[in-house]
Amino acid sequence: MKKIKFLIRYNDFPFGIYILLILMVATFLIFTKGTVSPMHLLNIARAASPLGIVAIGQTLTLLVAGLDLSLGTQMSLVNLVLASMMNGNSDKTFVAILISLTLCAFIGMVNGIVITKFKMQPFLVTMAMSLIIQGGYYIYTKGIARGSIAREIRYLSEGWIGNIPVALILWIALWLICSVILKKTVYGQKLYMAGANKKASDLSGFRSDRIIISAYVLAALLAGIAGILLSAYIGVASVDIGNSYTLDSVAASVIGGTSFLGGVGSLEGTFPGVLIITILSSLMTIIGISEAGKFICQGTIIAVMVALSQLRTKERR
Amino acid sequence: MKHICILEGKNLFKEFQGNMVLKNASLQCFPGEGIALAGENGAGKSTLMNIISGGLKPTSGEIFIDGNKVILSGSKQGKQYGISFVHQELSLFKEMTVGENIMIGREPGRKRLIDQQKLHKKAKELLKEVGYEHIDVYALVKNISPAQKQITEIAKAWATTPRILIFDEPTSSLNKKESEILFGFINRIKKIGICVIVISHRLEDIFSTCDRVLVLKDGEFVFESSIDKTSPDQIISQMVGREFKNIYPPKQQNLNKEIALELREICMENKLKNINFKVPKGSVIGVGGLEGQGQRELSRSLFGIKPFTSGHYLIQGKEVQIKSPYEAVKNKLAFLSDDRKAEGLFMPLSTEKNACSLILNKLSHSGFISTVRMKNKAQKIISQLHIKVSDIKQPVSNLSGGNQQKIILSKWLETEPDVFILHEPTRGIDVQSKLEIYQLIRNLTDKGMSVIIFTSDMLELIGLSEYIYVLYEGEISGEIPGINATEEKIMRLSAKHEKDVKK
């Protein structure tokens with residue numbers, strides 16, 4: 001018994017959030033009175049994929065004691081680049097994707113370099129970056145985004161392999177890869193250490209600045225992939241389509257137990273965090289709660305989850 | 001001088017968590033008198049001063065002001081009785097002007113509006129009284145020098161029109177000329193009947209300003225004399241005269257000829273001046289001195305945190321450039337910071353990960369860390385160093401100070417360093433862990449590792465080191481082989497009372 005207690009107490013695995021997820025799914029099933037097929041649930045998961053992928057990136061920045069408020073606008077940017085370059089044609093698919101991801105990687109690198117080398121607040125740096133991207137976006141589009149996504153790309157969001165949506169497969173694959181990197185590789189562990197205590201990490205002879213910059217680059221790349229998936233879902237260029245993903249990705253990470261102080265949290269928590277946000281939103285649509293009610297519920301859940309994870313972190317700091 | 005005494009403390013005791021830091025101290029302060037309070041770090045000087053100025057409550061004992069018994073609660077009340085304390089650590093508001101800081105709490109003006117002009121004029125007058133009228137009262141505190149900050153602090157205390165003015169290390173950031181101005185001020189205010197108490201490591205301060213000297217040791221007064229009947233030597237020997245306990249493992253008899261690390265003519269801005277320094281292989285080299293004489297700068301620049309600005313740095317006889325901890329680690333150096341919470345540990349992470357943090361590469365196979373090997377390694381470390389932990393997954397923040405320190409030591413030892421730089425390795429940890437760490441250091445040097453230890457604990461310095469360097473104002477004021485070292489000799493070098501006591 002004592003052993004089990006230790007196992008739970010000192011384990012990094014976020015049990016609480018999975019219990020919440022199960023409760024959420026159960027509530028969902030009760031409210032829909034069994035009219036929901038597994039297919040419906042898979043569809044919800046499919047729609048959650050862009051958020052799922054960008055939330056992986058957001059968790060990385062939070063783990064290095066940072067934050068990236070420009071991830072959502074980066075998704076919008078990718079949407080614009082893809083749609084305007086392809087314009088419904090598949091010839092330039094590869095180039096468009098390459099350019100989008102390069103742009104994201106560059107933005108992430110600038111974020112990371114400014115934050116580490118000039119010792120500036122991640123909140124302010126990435127907020128400024130977000131505003132700059134948005135400004136550029138408006139100059140280019142003059143407020144009206146034009147263009148559409150090549151049909152072949154739409155397979156990413158509409159295709160199914162057997163009974164599983166392609167988008168979900170992509171999400172889970174990225175999630176697994178990133179989890180393994182974080183948990184099992186030397187790089188991943190150094191990332192945790194740089195976030196837990198940057199000074200100690202520096203004094204350990206680690207090049208913490210590089211690690212932190214790499215986290216921002218990875219986050220931006222994941223936002224780029226999420227942007228591609230979102231574009232495949234929407235099919236056309238749409239103004240500011242990705243912007244709401246910024247705060248949703250922060251919420252998903254935080255609900256999943258990732259701390260704002262850095263070094264605490266895991267992708268095992270972010271995954272159910274994303275599902276909880278998405279299921280909650282579908283549930284409220286189904287029972288007919290207004291948009292305003294949705295915000296209130298979401299806000300409440302975030303506040304409660306943050307309070308709970310604070311209790312957990314308190315013991316550790 | 002035979003007036004009624006302004007303040008009298010009778011049989012004062014103070015206990016901190018079962019630790020008696022002040023035992024039966026009694027003190028009388030007469031008008032116009034200069035009292036010097038001397039003693040080593042941790043002797044109880046600051047505690048006593050905090051008690052008589054109201055900052056701390058005594059565990060038992062009585063305080064009389066003008067012959068009436070009072071109970072002081074809070075330094076504000078102390079100020080009402082005319083007792084003002086100039087602290088060593090400065091407590092100024094950085095974003096406010098010098099004038100505003102001096103006049104804080106007594107701003108002139110009508111209702112709640114502050115008359116800035118009047119305020120700064122008054123502040124200027126106060127500074128003039130203290131003797132430093134050249135300081136700009138309109139300058140922001142964050143832009144002025146440490147010396148000017150210290151003077152601002154003094155003027156701030158003077159603004160409260162005290163009857164007793166207490167100085168804690170008043171000259172620590174003043175140069176010779178500035179110190180002399182301060183001595184002049186102190187002697188002036190003594191003439192108008194103000195009692196001055198000076199806590200200082202610098203005997204010069206004491207002899208220039210005081211009439212009576214009291215020596216505290218381990219919380220007790222051991223010596224009292226009028227200043228003209230004593231000498232610096234006598235004060236020093238009273239401060240240190242303490243027995244050695246047999247807690248240090250035996251030292252090596254001869255220093256190795258092979259030099260592991262050497263510094264030649266090292267300088268760093270105005271913090272370090274012409275440091276020459278040799279660390280033989282397999283020995284413990286101690287660096288001592290009063291606090292803040294450049295130990296922090298030297299230890300940190302050895303490890304590349306803030307590199308030296310000039311000079312030669314040699315490892316195993318070869319000149320190296322160590323500009324970052326990354327390069328230091330590559331050159332097989334290890335560093336233990338004096339602030340283990342802020343700089344040593346990854347607080348939220350597990351004991352296991354902290355212990356293995358520097359050898360992740362060794363524990364991994366083609367980039368992937370082996371969980372089993374990490375667990376085994378951590379368990380081995382914990383049993384070898386007797387680290388008390390309920391589970392290796394327990395967050396390191398839950399461990400006691402001594403166990404945390406052992407975790408940091410062990411994580412570095414796993415990298416098999418050639419030279420280990422230790423900064424205050426036993427500060428704030430229990431005696432048992434202390435002894436274990438001393439033994440560990442000796443075991444390691446027997447195996448050929450070299451250790452540089454920076455410590456303010458004199459006994460530790462003498463007990464562990466084969467060779468001792470003493471720092472004073474960023475310079476090496478003397479060096480002594482460990483066998484010949486005594487507390488008295490080191491104290492003398494630390495206070496630079498006699499410049500060359502080399503033999």
# chains A, B, ... in the order shown; residues from 1 in each chain; ligands from 1
$ interface_residues --of "chain B" --to "chain A" --cutoff "9 Å" --atoms "only C-alpha atoms" --output "compact mmCIF listing (two decimals) with all heavy atoms, in the first residue's frame"
# COMPACT_ATOMS: atom_id res chain seq x y z
N PHE B 303 35.53 29.23 -12.66
CA PHE B 303 34.64 28.31 -13.36
C PHE B 303 34.03 28.95 -14.62
O PHE B 303 33.13 28.40 -15.23
CB PHE B 303 33.52 27.87 -12.41
CG PHE B 303 32.80 26.64 -12.85
CD1 PHE B 303 33.47 25.43 -12.99
CD2 PHE B 303 31.44 26.66 -13.14
CE1 PHE B 303 32.81 24.28 -13.40
CE2 PHE B 303 30.78 25.52 -13.55
CZ PHE B 303 31.47 24.32 -13.67
N ILE B 305 32.14 31.59 -15.03
CA ILE B 305 30.82 32.21 -14.99
C ILE B 305 30.93 33.69 -15.35
O ILE B 305 30.17 34.20 -16.15
CB ILE B 305 30.17 32.04 -13.61
CG1 ILE B 305 30.03 30.54 -13.32
CG2 ILE B 305 28.82 32.71 -13.54
CD1 ILE B 305 29.78 30.21 -11.89
N SER B 324 33.24 30.14 -20.08
CA SER B 324 31.88 29.74 -19.73
C SER B 324 31.95 28.44 -18.94
O SER B 324 32.94 27.71 -19.03
CB SER B 324 31.05 29.52 -20.99
OG SER B 324 31.55 28.39 -21.68
N PRO B 325 30.92 28.13 -18.15
CA PRO B 325 30.91 26.87 -17.42
C PRO B 325 31.04 25.68 -18.36
O PRO B 325 31.64 24.66 -18.00
CB PRO B 325 29.53 26.87 -16.74
CG PRO B 325 29.17 28.29 -16.60
CD PRO B 325 29.76 28.97 -17.80
N TYR B 326 30.52 25.82 -19.57
CA TYR B 326 30.63 24.73 -20.55
C TYR B 326 32.09 24.37 -20.78
O TYR B 326 32.47 23.20 -20.76
CB TYR B 326 29.95 25.19 -21.84
CG TYR B 326 30.11 24.24 -23.01
CD1 TYR B 326 29.35 23.08 -23.08
CD2 TYR B 326 31.00 24.52 -24.03
CE1 TYR B 326 29.49 22.21 -24.14
CE2 TYR B 326 31.16 23.66 -25.10
CZ TYR B 326 30.39 22.50 -25.16
OH TYR B 326 30.53 21.64 -26.21
N GLU B 327 32.93 25.42 -20.96
CA GLU B 327 34.35 25.16 -21.17
C GLU B 327 35.02 24.66 -19.89
O GLU B 327 35.94 23.84 -19.95
CB GLU B 327 35.04 26.44 -21.66
CG GLU B 327 34.70 26.76 -23.09
CD GLU B 327 35.01 28.20 -23.47
OE1 GLU B 327 34.78 29.11 -22.64
OE2 GLU B 327 35.48 28.41 -24.59
N ALA B 328 34.54 25.14 -18.75
CA ALA B 328 35.10 24.69 -17.48
C ALA B 328 34.88 23.19 -17.29
O ALA B 328 35.78 22.45 -16.91
CB ALA B 328 34.47 25.47 -16.33
N VAL B 329 33.67 22.75 -17.60
CA VAL B 329 33.35 21.32 -17.46
C VAL B 329 34.22 20.51 -18.41
O VAL B 329 34.73 19.45 -18.05
CB VAL B 329 31.85 21.07 -17.72
CG1 VAL B 329 31.55 19.58 -17.74
CG2 VAL B 329 31.01 21.75 -16.65
N LYS B 330 34.42 21.02 -19.61
CA LYS B 330 35.27 20.33 -20.58
C LYS B 330 36.69 20.18 -20.07
O LYS B 330 37.37 19.21 -20.39
CB LYS B 330 35.30 21.10 -21.90
CG LYS B 330 34.12 20.79 -22.79
CD LYS B 330 34.46 21.13 -24.21
CE LYS B 330 33.60 20.35 -25.16
NZ LYS B 330 33.80 20.81 -26.54
N ALA B 334 34.88 21.28 -11.61
CA ALA B 334 33.54 21.15 -11.04
C ALA B 334 33.34 22.32 -10.09
O ALA B 334 34.31 22.87 -9.57
CB ALA B 334 33.41 19.83 -10.30
N PHE B 335 32.09 22.69 -9.88
CA PHE B 335 31.82 23.90 -9.08
C PHE B 335 30.60 23.70 -8.20
O PHE B 335 29.55 23.28 -8.66
CB PHE B 335 31.58 25.07 -10.02
CG PHE B 335 31.26 26.36 -9.33
CD1 PHE B 335 32.23 27.06 -8.64
CD2 PHE B 335 29.97 26.88 -9.36
CE1 PHE B 335 31.94 28.25 -7.99
CE2 PHE B 335 29.67 28.07 -8.71
CZ PHE B 335 30.66 28.76 -8.04
N LEU B 336 30.78 24.00 -6.93
CA LEU B 336 29.65 23.96 -6.01
C LEU B 336 29.35 25.39 -5.57
O LEU B 336 30.20 26.05 -4.98
CB LEU B 336 30.01 23.08 -4.80
CG LEU B 336 28.91 22.92 -3.78
CD1 LEU B 336 28.58 21.46 -3.61
CD2 LEU B 336 29.32 23.51 -2.46
N SER B 337 28.16 25.86 -5.90
CA SER B 337 27.81 27.25 -5.62
C SER B 337 27.44 27.41 -4.14
O SER B 337 27.03 26.47 -3.49
CB SER B 337 26.63 27.64 -6.50
OG SER B 337 25.93 28.71 -5.94
N ARG B 340 22.80 26.84 -2.97
CA ARG B 340 22.43 25.58 -3.60
C ARG B 340 21.01 25.58 -4.13
O ARG B 340 20.70 24.93 -5.11
CB ARG B 340 22.64 24.41 -2.65
CG ARG B 340 21.76 24.42 -1.44
CD ARG B 340 21.91 23.15 -0.63
NE ARG B 340 21.28 23.35 0.65
CZ ARG B 340 21.92 23.84 1.69
NH1 ARG B 340 23.19 24.10 1.62
NH2 ARG B 340 21.29 24.06 2.82
N LYS B 341 20.13 26.36 -3.49
CA LYS B 341 18.74 26.37 -3.96
C LYS B 341 18.62 27.08 -5.30
O LYS B 341 17.94 26.62 -6.20
CB LYS B 341 17.84 27.04 -2.93
CG LYS B 341 17.60 26.17 -1.73
CD LYS B 341 16.29 26.51 -1.06
CE LYS B 341 15.83 25.42 -0.13
NZ LYS B 341 16.42 25.50 1.21
N ALA B 342 19.26 28.22 -5.42
CA ALA B 342 19.10 29.02 -6.64
C ALA B 342 19.97 28.53 -7.77
O ALA B 342 19.64 28.71 -8.92
CB ALA B 342 19.40 30.48 -6.35
N GLU B 343 21.12 27.92 -7.44
CA GLU B 343 22.06 27.64 -8.51
C GLU B 343 22.55 26.20 -8.57
O GLU B 343 23.26 25.84 -9.49
CB GLU B 343 23.29 28.55 -8.36
CG GLU B 343 22.92 30.00 -8.44
CD GLU B 343 24.14 30.90 -8.42
OE1 GLU B 343 25.18 30.48 -7.86
OE2 GLU B 343 24.05 31.98 -8.97
N GLY B 344 22.19 25.41 -7.57
CA GLY B 344 22.74 24.06 -7.57
C GLY B 344 21.76 22.98 -7.98
O GLY B 344 22.12 22.04 -8.66
N LEU B 345 20.52 23.14 -7.55
CA LEU B 345 19.56 22.04 -7.72
C LEU B 345 18.48 22.39 -8.72
O LEU B 345 18.14 23.54 -8.91
CB LEU B 345 18.90 21.75 -6.38
CG LEU B 345 19.80 21.20 -5.28
CD1 LEU B 345 19.11 21.33 -3.94
CD2 LEU B 345 20.19 19.76 -5.55
N PHE B 346 17.96 21.33 -9.34
CA PHE B 346 16.77 21.48 -10.16
C PHE B 346 15.60 21.13 -9.26
O PHE B 346 15.18 19.99 -9.18
CB PHE B 346 16.85 20.58 -11.38
CG PHE B 346 18.05 20.86 -12.22
CD1 PHE B 346 19.15 20.03 -12.22
CD2 PHE B 346 18.08 22.00 -13.01
CE1 PHE B 346 20.27 20.32 -12.99
CE2 PHE B 346 19.20 22.30 -13.77
CZ PHE B 346 20.28 21.46 -13.77
N MET B 347 15.11 22.13 -8.54
CA MET B 347 14.18 21.89 -7.45
C MET B 347 12.99 21.00 -7.77
O MET B 347 12.69 20.09 -7.03
CB MET B 347 13.70 23.22 -6.88
CG MET B 347 14.64 23.77 -5.86
SD MET B 347 14.92 22.58 -4.55
CE MET B 347 15.98 23.55 -3.50
N PRO B 348 12.27 21.26 -8.87
CA PRO B 348 11.07 20.44 -9.04
C PRO B 348 11.37 19.02 -9.52
O PRO B 348 10.48 18.19 -9.50
CB PRO B 348 10.26 21.20 -10.09
CG PRO B 348 11.20 22.10 -10.77
CD PRO B 348 12.38 22.29 -9.89
N LEU B 349 12.58 18.75 -9.93
CA LEU B 349 12.87 17.43 -10.49
C LEU B 349 13.25 16.45 -9.37
O LEU B 349 13.56 16.83 -8.26
CB LEU B 349 14.00 17.53 -11.51
CG LEU B 349 13.76 18.51 -12.67
CD1 LEU B 349 14.89 18.41 -13.68
CD2 LEU B 349 12.45 18.24 -13.38
N SER B 350 13.22 15.17 -9.74
CA SER B 350 13.43 14.12 -8.74
C SER B 350 14.89 14.07 -8.29
O SER B 350 15.79 14.56 -8.96
CB SER B 350 13.02 12.78 -9.32
OG SER B 350 13.88 12.45 -10.38
N LYS B 353 17.03 12.34 -10.91
CA LYS B 353 17.45 13.14 -12.06
C LYS B 353 18.50 14.16 -11.66
O LYS B 353 19.41 14.45 -12.43
CB LYS B 353 16.25 13.84 -12.69
CG LYS B 353 15.46 12.89 -13.55
CD LYS B 353 14.31 13.57 -14.24
CE LYS B 353 13.49 12.55 -14.99
NZ LYS B 353 12.16 13.07 -15.34
N ASN B 354 18.36 14.72 -10.46
CA ASN B 354 19.37 15.66 -10.01
C ASN B 354 20.73 14.98 -9.86
O ASN B 354 21.74 15.52 -10.29
CB ASN B 354 18.96 16.29 -8.68
CG ASN B 354 18.15 17.54 -8.87
OD1 ASN B 354 18.69 18.58 -9.21
ND2 ASN B 354 16.85 17.45 -8.70
N SER B 357 22.19 14.22 -13.31
CA SER B 357 22.02 15.23 -14.35
C SER B 357 23.25 15.46 -15.21
O SER B 357 23.14 15.87 -16.36
CB SER B 357 21.56 16.55 -13.72
OG SER B 357 22.51 16.98 -12.80
N LEU B 358 24.44 15.21 -14.66
CA LEU B 358 25.63 15.54 -15.43
C LEU B 358 26.21 14.34 -16.19
O LEU B 358 27.18 14.48 -16.93
CB LEU B 358 26.70 16.12 -14.51
CG LEU B 358 26.30 17.45 -13.88
CD1 LEU B 358 27.27 17.85 -12.82
CD2 LEU B 358 26.21 18.52 -14.95
N LEU B 360 24.22 12.14 -18.01
CA LEU B 360 23.17 11.57 -18.85
C LEU B 360 23.76 10.86 -20.06
O LEU B 360 23.28 9.81 -20.48
CB LEU B 360 22.21 12.67 -19.30
CG LEU B 360 21.35 13.27 -18.18
CD1 LEU B 360 20.57 14.46 -18.70
CD2 LEU B 360 20.41 12.23 -17.62
N ASN B 361 24.82 11.44 -20.61
CA ASN B 361 25.41 10.80 -21.79
C ASN B 361 25.95 9.42 -21.48
O ASN B 361 25.84 8.50 -22.28
CB ASN B 361 26.53 11.67 -22.37
CG ASN B 361 25.94 12.83 -23.17
OD1 ASN B 361 24.93 12.65 -23.85
ND2 ASN B 361 26.54 14.00 -23.08
N SER B 364 23.27 6.76 -21.35
CA SER B 364 22.38 6.56 -22.48
C SER B 364 23.08 5.76 -23.57
O SER B 364 24.29 5.62 -23.62
CB SER B 364 21.92 7.91 -23.02
OG SER B 364 23.03 8.65 -23.44
N GLY B 367 21.77 8.01 -27.74
CA GLY B 367 20.89 9.15 -27.52
C GLY B 367 19.73 8.89 -26.57
O GLY B 367 19.13 9.82 -26.06
N PHE B 368 19.44 7.62 -26.29
CA PHE B 368 18.32 7.33 -25.41
C PHE B 368 18.82 6.93 -24.03
O PHE B 368 19.71 6.09 -23.90
CB PHE B 368 17.45 6.22 -26.00
CG PHE B 368 16.72 6.64 -27.23
CD1 PHE B 368 17.26 6.41 -28.49
CD2 PHE B 368 15.51 7.31 -27.14
CE1 PHE B 368 16.60 6.83 -29.62
CE2 PHE B 368 14.84 7.73 -28.28
CZ PHE B 368 15.39 7.49 -29.53
N ILE B 369 18.22 7.56 -23.02
CA ILE B 369 18.66 7.29 -21.65
C ILE B 369 18.09 5.95 -21.20
O ILE B 369 16.92 5.66 -21.41
CB ILE B 369 18.18 8.40 -20.71
CG1 ILE B 369 18.79 9.73 -21.15
CG2 ILE B 369 18.55 8.10 -19.28
CD1 ILE B 369 18.10 10.93 -20.55
N SER B 370 18.94 5.15 -20.58
CA SER B 370 18.45 3.89 -20.04
C SER B 370 17.89 4.13 -18.64
O SER B 370 18.60 4.52 -17.73
CB SER B 370 19.59 2.87 -19.98
OG SER B 370 19.30 1.92 -19.00
N THR B 371 16.59 3.91 -18.49
CA THR B 371 15.92 4.16 -17.21
C THR B 371 16.52 3.29 -16.11
O THR B 371 16.72 3.74 -14.98
CB THR B 371 14.41 3.82 -17.34
OG1 THR B 371 13.98 4.24 -18.62
CG2 THR B 371 13.61 4.51 -16.28
N SER B 390 13.28 8.97 0.80
CA SER B 390 12.33 7.87 0.91
C SER B 390 12.18 7.14 -0.42
O SER B 390 11.86 5.96 -0.46
CB SER B 390 10.98 8.38 1.40
OG SER B 390 10.56 9.45 0.60
N ASP B 391 12.42 7.84 -1.51
CA ASP B 391 12.30 7.21 -2.82
C ASP B 391 13.15 8.04 -3.77
O ASP B 391 13.19 9.26 -3.65
CB ASP B 391 10.82 7.22 -3.25
CG ASP B 391 10.58 6.44 -4.52
OD1 ASP B 391 10.93 6.93 -5.62
OD2 ASP B 391 10.05 5.32 -4.41
N ILE B 392 13.81 7.39 -4.72
CA ILE B 392 14.67 8.18 -5.60
C ILE B 392 13.87 9.12 -6.50
O ILE B 392 14.40 10.04 -7.09
CB ILE B 392 15.61 7.32 -6.48
CG1 ILE B 392 14.83 6.26 -7.22
CG2 ILE B 392 16.72 6.72 -5.66
CD1 ILE B 392 15.62 5.59 -8.33
N LYS B 393 12.55 8.86 -6.59
CA LYS B 393 11.71 9.74 -7.41
C LYS B 393 11.23 10.96 -6.62
O LYS B 393 10.58 11.84 -7.16
CB LYS B 393 10.48 8.97 -7.90
CG LYS B 393 10.78 7.87 -8.88
CD LYS B 393 10.41 8.30 -10.29
CE LYS B 393 10.53 7.17 -11.28
NZ LYS B 393 11.92 6.96 -11.71
N GLN B 394 11.56 10.99 -5.33
CA GLN B 394 11.14 12.12 -4.49
C GLN B 394 11.75 13.43 -5.01
O GLN B 394 12.94 13.46 -5.33
CB GLN B 394 11.61 11.86 -3.07
CG GLN B 394 10.93 12.69 -2.04
CD GLN B 394 11.39 12.32 -0.64
OE1 GLN B 394 12.27 11.49 -0.45
NE2 GLN B 394 10.79 12.93 0.34
N PRO B 395 10.95 14.50 -5.09
CA PRO B 395 11.54 15.78 -5.53
C PRO B 395 12.67 16.19 -4.60
O PRO B 395 12.56 16.03 -3.39
CB PRO B 395 10.39 16.77 -5.42
CG PRO B 395 9.17 15.95 -5.41
CD PRO B 395 9.52 14.62 -4.83
N VAL B 396 13.73 16.70 -5.16
CA VAL B 396 14.92 17.03 -4.38
C VAL B 396 14.62 18.16 -3.39
O VAL B 396 15.29 18.31 -2.38
CB VAL B 396 16.09 17.35 -5.33
CG1 VAL B 396 15.92 18.71 -5.95
CG2 VAL B 396 17.41 17.22 -4.64
N SER B 397 13.56 18.92 -3.67
CA SER B 397 13.19 20.01 -2.77
C SER B 397 12.74 19.50 -1.40
O SER B 397 12.74 20.24 -0.43
CB SER B 397 12.08 20.85 -3.39
OG SER B 397 10.99 20.03 -3.75
N ASN B 398 12.35 18.21 -1.33
CA ASN B 398 11.89 17.66 -0.05
C ASN B 398 13.03 17.25 0.88
O ASN B 398 12.80 16.93 2.03
CB ASN B 398 11.04 16.40 -0.28
CG ASN B 398 9.72 16.73 -0.93
OD1 ASN B 398 9.43 17.89 -1.19
ND2 ASN B 398 8.91 15.74 -1.20
N TRP B 412 28.50 16.10 -9.27
CA TRP B 412 29.77 16.55 -9.85
C TRP B 412 30.83 15.46 -9.80
O TRP B 412 31.63 15.31 -10.70
CB TRP B 412 30.28 17.80 -9.15
CG TRP B 412 29.60 19.04 -9.61
CD1 TRP B 412 28.73 19.81 -8.91
CD2 TRP B 412 29.70 19.65 -10.91
NE1 TRP B 412 28.29 20.85 -9.69
CE2 TRP B 412 28.87 20.77 -10.92
CE3 TRP B 412 30.43 19.34 -12.08
CZ2 TRP B 412 28.73 21.61 -12.02
CZ3 TRP B 412 30.30 20.16 -13.17
CH2 TRP B 412 29.46 21.27 -13.14
$ residues_around --residues "A:Leu170" --least-positions-apart "4" --cutoff "9 Å" --atoms "only C-alpha atoms" --output "VMD selection string"
chain A and resid 49 53 156 165 to 166 174 to 175
$ write_last_selection --atoms "N, CA and C atoms" --output "PDB file, in the first residue's frame"
ATOM      1  N   SER A  49      -7.257  17.721 -33.739  1.00  0.00           N
ATOM      2  CA  SER A  49      -5.852  17.492 -34.100  1.00  0.00           C
ATOM      3  C   SER A  49      -4.999  18.753 -34.236  1.00  0.00           C
ATOM      4  N   ILE A  53      -1.685  19.361 -31.932  1.00  0.00           N
ATOM      5  CA  ILE A  53      -0.299  19.498 -32.392  1.00  0.00           C
ATOM      6  C   ILE A  53       0.321  20.813 -31.898  1.00  0.00           C
ATOM      7  N   LEU A 156      -5.211  15.127 -45.770  1.00  0.00           N
ATOM      8  CA  LEU A 156      -4.700  15.157 -44.397  1.00  0.00           C
ATOM      9  C   LEU A 156      -5.819  15.258 -43.374  1.00  0.00           C
ATOM     10  N   PRO A 165      -9.012   8.467 -38.534  1.00  0.00           N
ATOM     11  CA  PRO A 165      -8.740   9.639 -39.382  1.00  0.00           C
ATOM     12  C   PRO A 165      -7.226   9.883 -39.500  1.00  0.00           C
ATOM     13  N   VAL A 166      -6.787  10.307 -40.669  1.00  0.00           N
ATOM     14  CA  VAL A 166      -5.367  10.580 -40.906  1.00  0.00           C
ATOM     15  C   VAL A 166      -4.858  11.663 -39.947  1.00  0.00           C
ATOM     16  N   LEU A 174       3.074  12.499 -33.847  1.00  0.00           N
ATOM     17  CA  LEU A 174       3.902  13.615 -33.369  1.00  0.00           C
ATOM     18  C   LEU A 174       3.973  13.624 -31.848  1.00  0.00           C
ATOM     19  N   TRP A 175       2.850  13.315 -31.248  1.00  0.00           N
ATOM     20  CA  TRP A 175       2.794  13.309 -29.778  1.00  0.00           C
ATOM     21  C   TRP A 175       3.754  12.260 -29.225  1.00  0.00           C
TER      22      TRP A 175
END
$ closest_residue --among "A:Gly242, A:Leu267, A:Gly257, A:Ile212" --to "A:Lys117" --atoms "only C-alpha atoms"
A:Ile212
$ select_by_dssp --residues "stretch 79-265 of chain A" --states "alpha helix (DSSP H)" --output "count of residues only"
131
$ residues_around --residues "A:Thr258" --least-positions-apart "3" --cutoff "12 Å" --atoms "only C-alpha atoms" --output "PyMOL selection string"
chain A and resi 12-14+17+55-56+58-67+192+195-196+249-255+261-271+273+302+305-310+312-313
$ write_last_selection --atoms "C-alpha atoms" --output "short mmCIF file (atom, residue, chain, number, x, y, z; two decimals), in the first residue's frame"
data_model
loop_
_atom_site.label_atom_id
_atom_site.label_comp_id
_atom_site.auth_asym_id
_atom_site.auth_seq_id
_atom_site.Cartn_x
_atom_site.Cartn_y
_atom_site.Cartn_z
CA ASP A 12 5.32 12.34 -13.05
CA PHE A 13 2.34 10.74 -14.72
CA PRO A 14 -0.72 13.00 -14.44
CA ILE A 17 -6.22 14.62 -15.70
CA ALA A 55 -0.39 22.35 -27.84
CA ILE A 56 2.61 20.01 -27.98
CA GLN A 58 3.16 25.25 -26.40
CA THR A 59 4.00 22.68 -23.73
CA LEU A 60 7.62 22.70 -24.89
CA THR A 61 7.88 26.46 -24.45
CA LEU A 62 6.20 26.27 -21.04
CA LEU A 63 8.64 23.55 -19.95
CA VAL A 64 11.58 25.87 -20.59
CA ALA A 65 9.85 28.44 -18.36
CA GLY A 66 8.64 30.37 -21.38
CA LEU A 67 5.48 30.92 -23.37
CA TYR A 192 13.47 20.04 -18.42
CA GLY A 195 13.28 25.14 -17.53
CA ALA A 196 13.47 23.99 -13.91
CA SER A 249 -2.94 25.69 -26.53
CA VAL A 250 -1.89 27.40 -23.31
CA ALA A 251 -5.11 26.24 -21.66
CA ALA A 252 -4.63 22.64 -22.83
CA SER A 253 -1.06 22.55 -21.50
CA VAL A 254 -2.04 24.07 -18.18
CA ILE A 255 -5.05 21.79 -17.73
CA LEU A 261 7.33 28.21 -13.73
CA GLY A 262 9.02 25.74 -16.03
CA GLY A 263 10.40 22.23 -15.64
CA VAL A 264 7.13 20.73 -14.48
CA GLY A 265 4.63 19.08 -16.78
CA SER A 266 4.51 16.55 -19.56
CA LEU A 267 2.97 15.79 -22.91
CA GLU A 268 1.11 12.91 -21.25
CA GLY A 269 -0.95 15.63 -19.62
CA THR A 270 -1.29 17.88 -22.64
CA PHE A 271 -2.89 15.15 -24.76
CA GLY A 273 -5.91 18.43 -21.89
CA ILE A 302 -8.86 26.37 -16.44
CA MET A 305 -7.08 22.94 -13.00
CA VAL A 306 -4.43 25.60 -12.45
CA ALA A 307 -5.30 25.66 -8.76
CA LEU A 308 -4.92 21.88 -8.59
CA SER A 309 -1.62 21.82 -10.44
CA GLN A 310 -0.37 24.63 -8.20
CA ARG A 312 1.17 19.73 -6.96
CA THR A 313 3.92 22.15 -7.89
#
$ residues_around --residues "B:Ile421" --least-positions-apart "5" --cutoff "12 Å" --atoms "only C-alpha atoms" --output "MDAnalysis selection string"
chainID B and resid 261 279 284:287 295:296 298:304 328:329 332:338 409 412:413 441 449:455
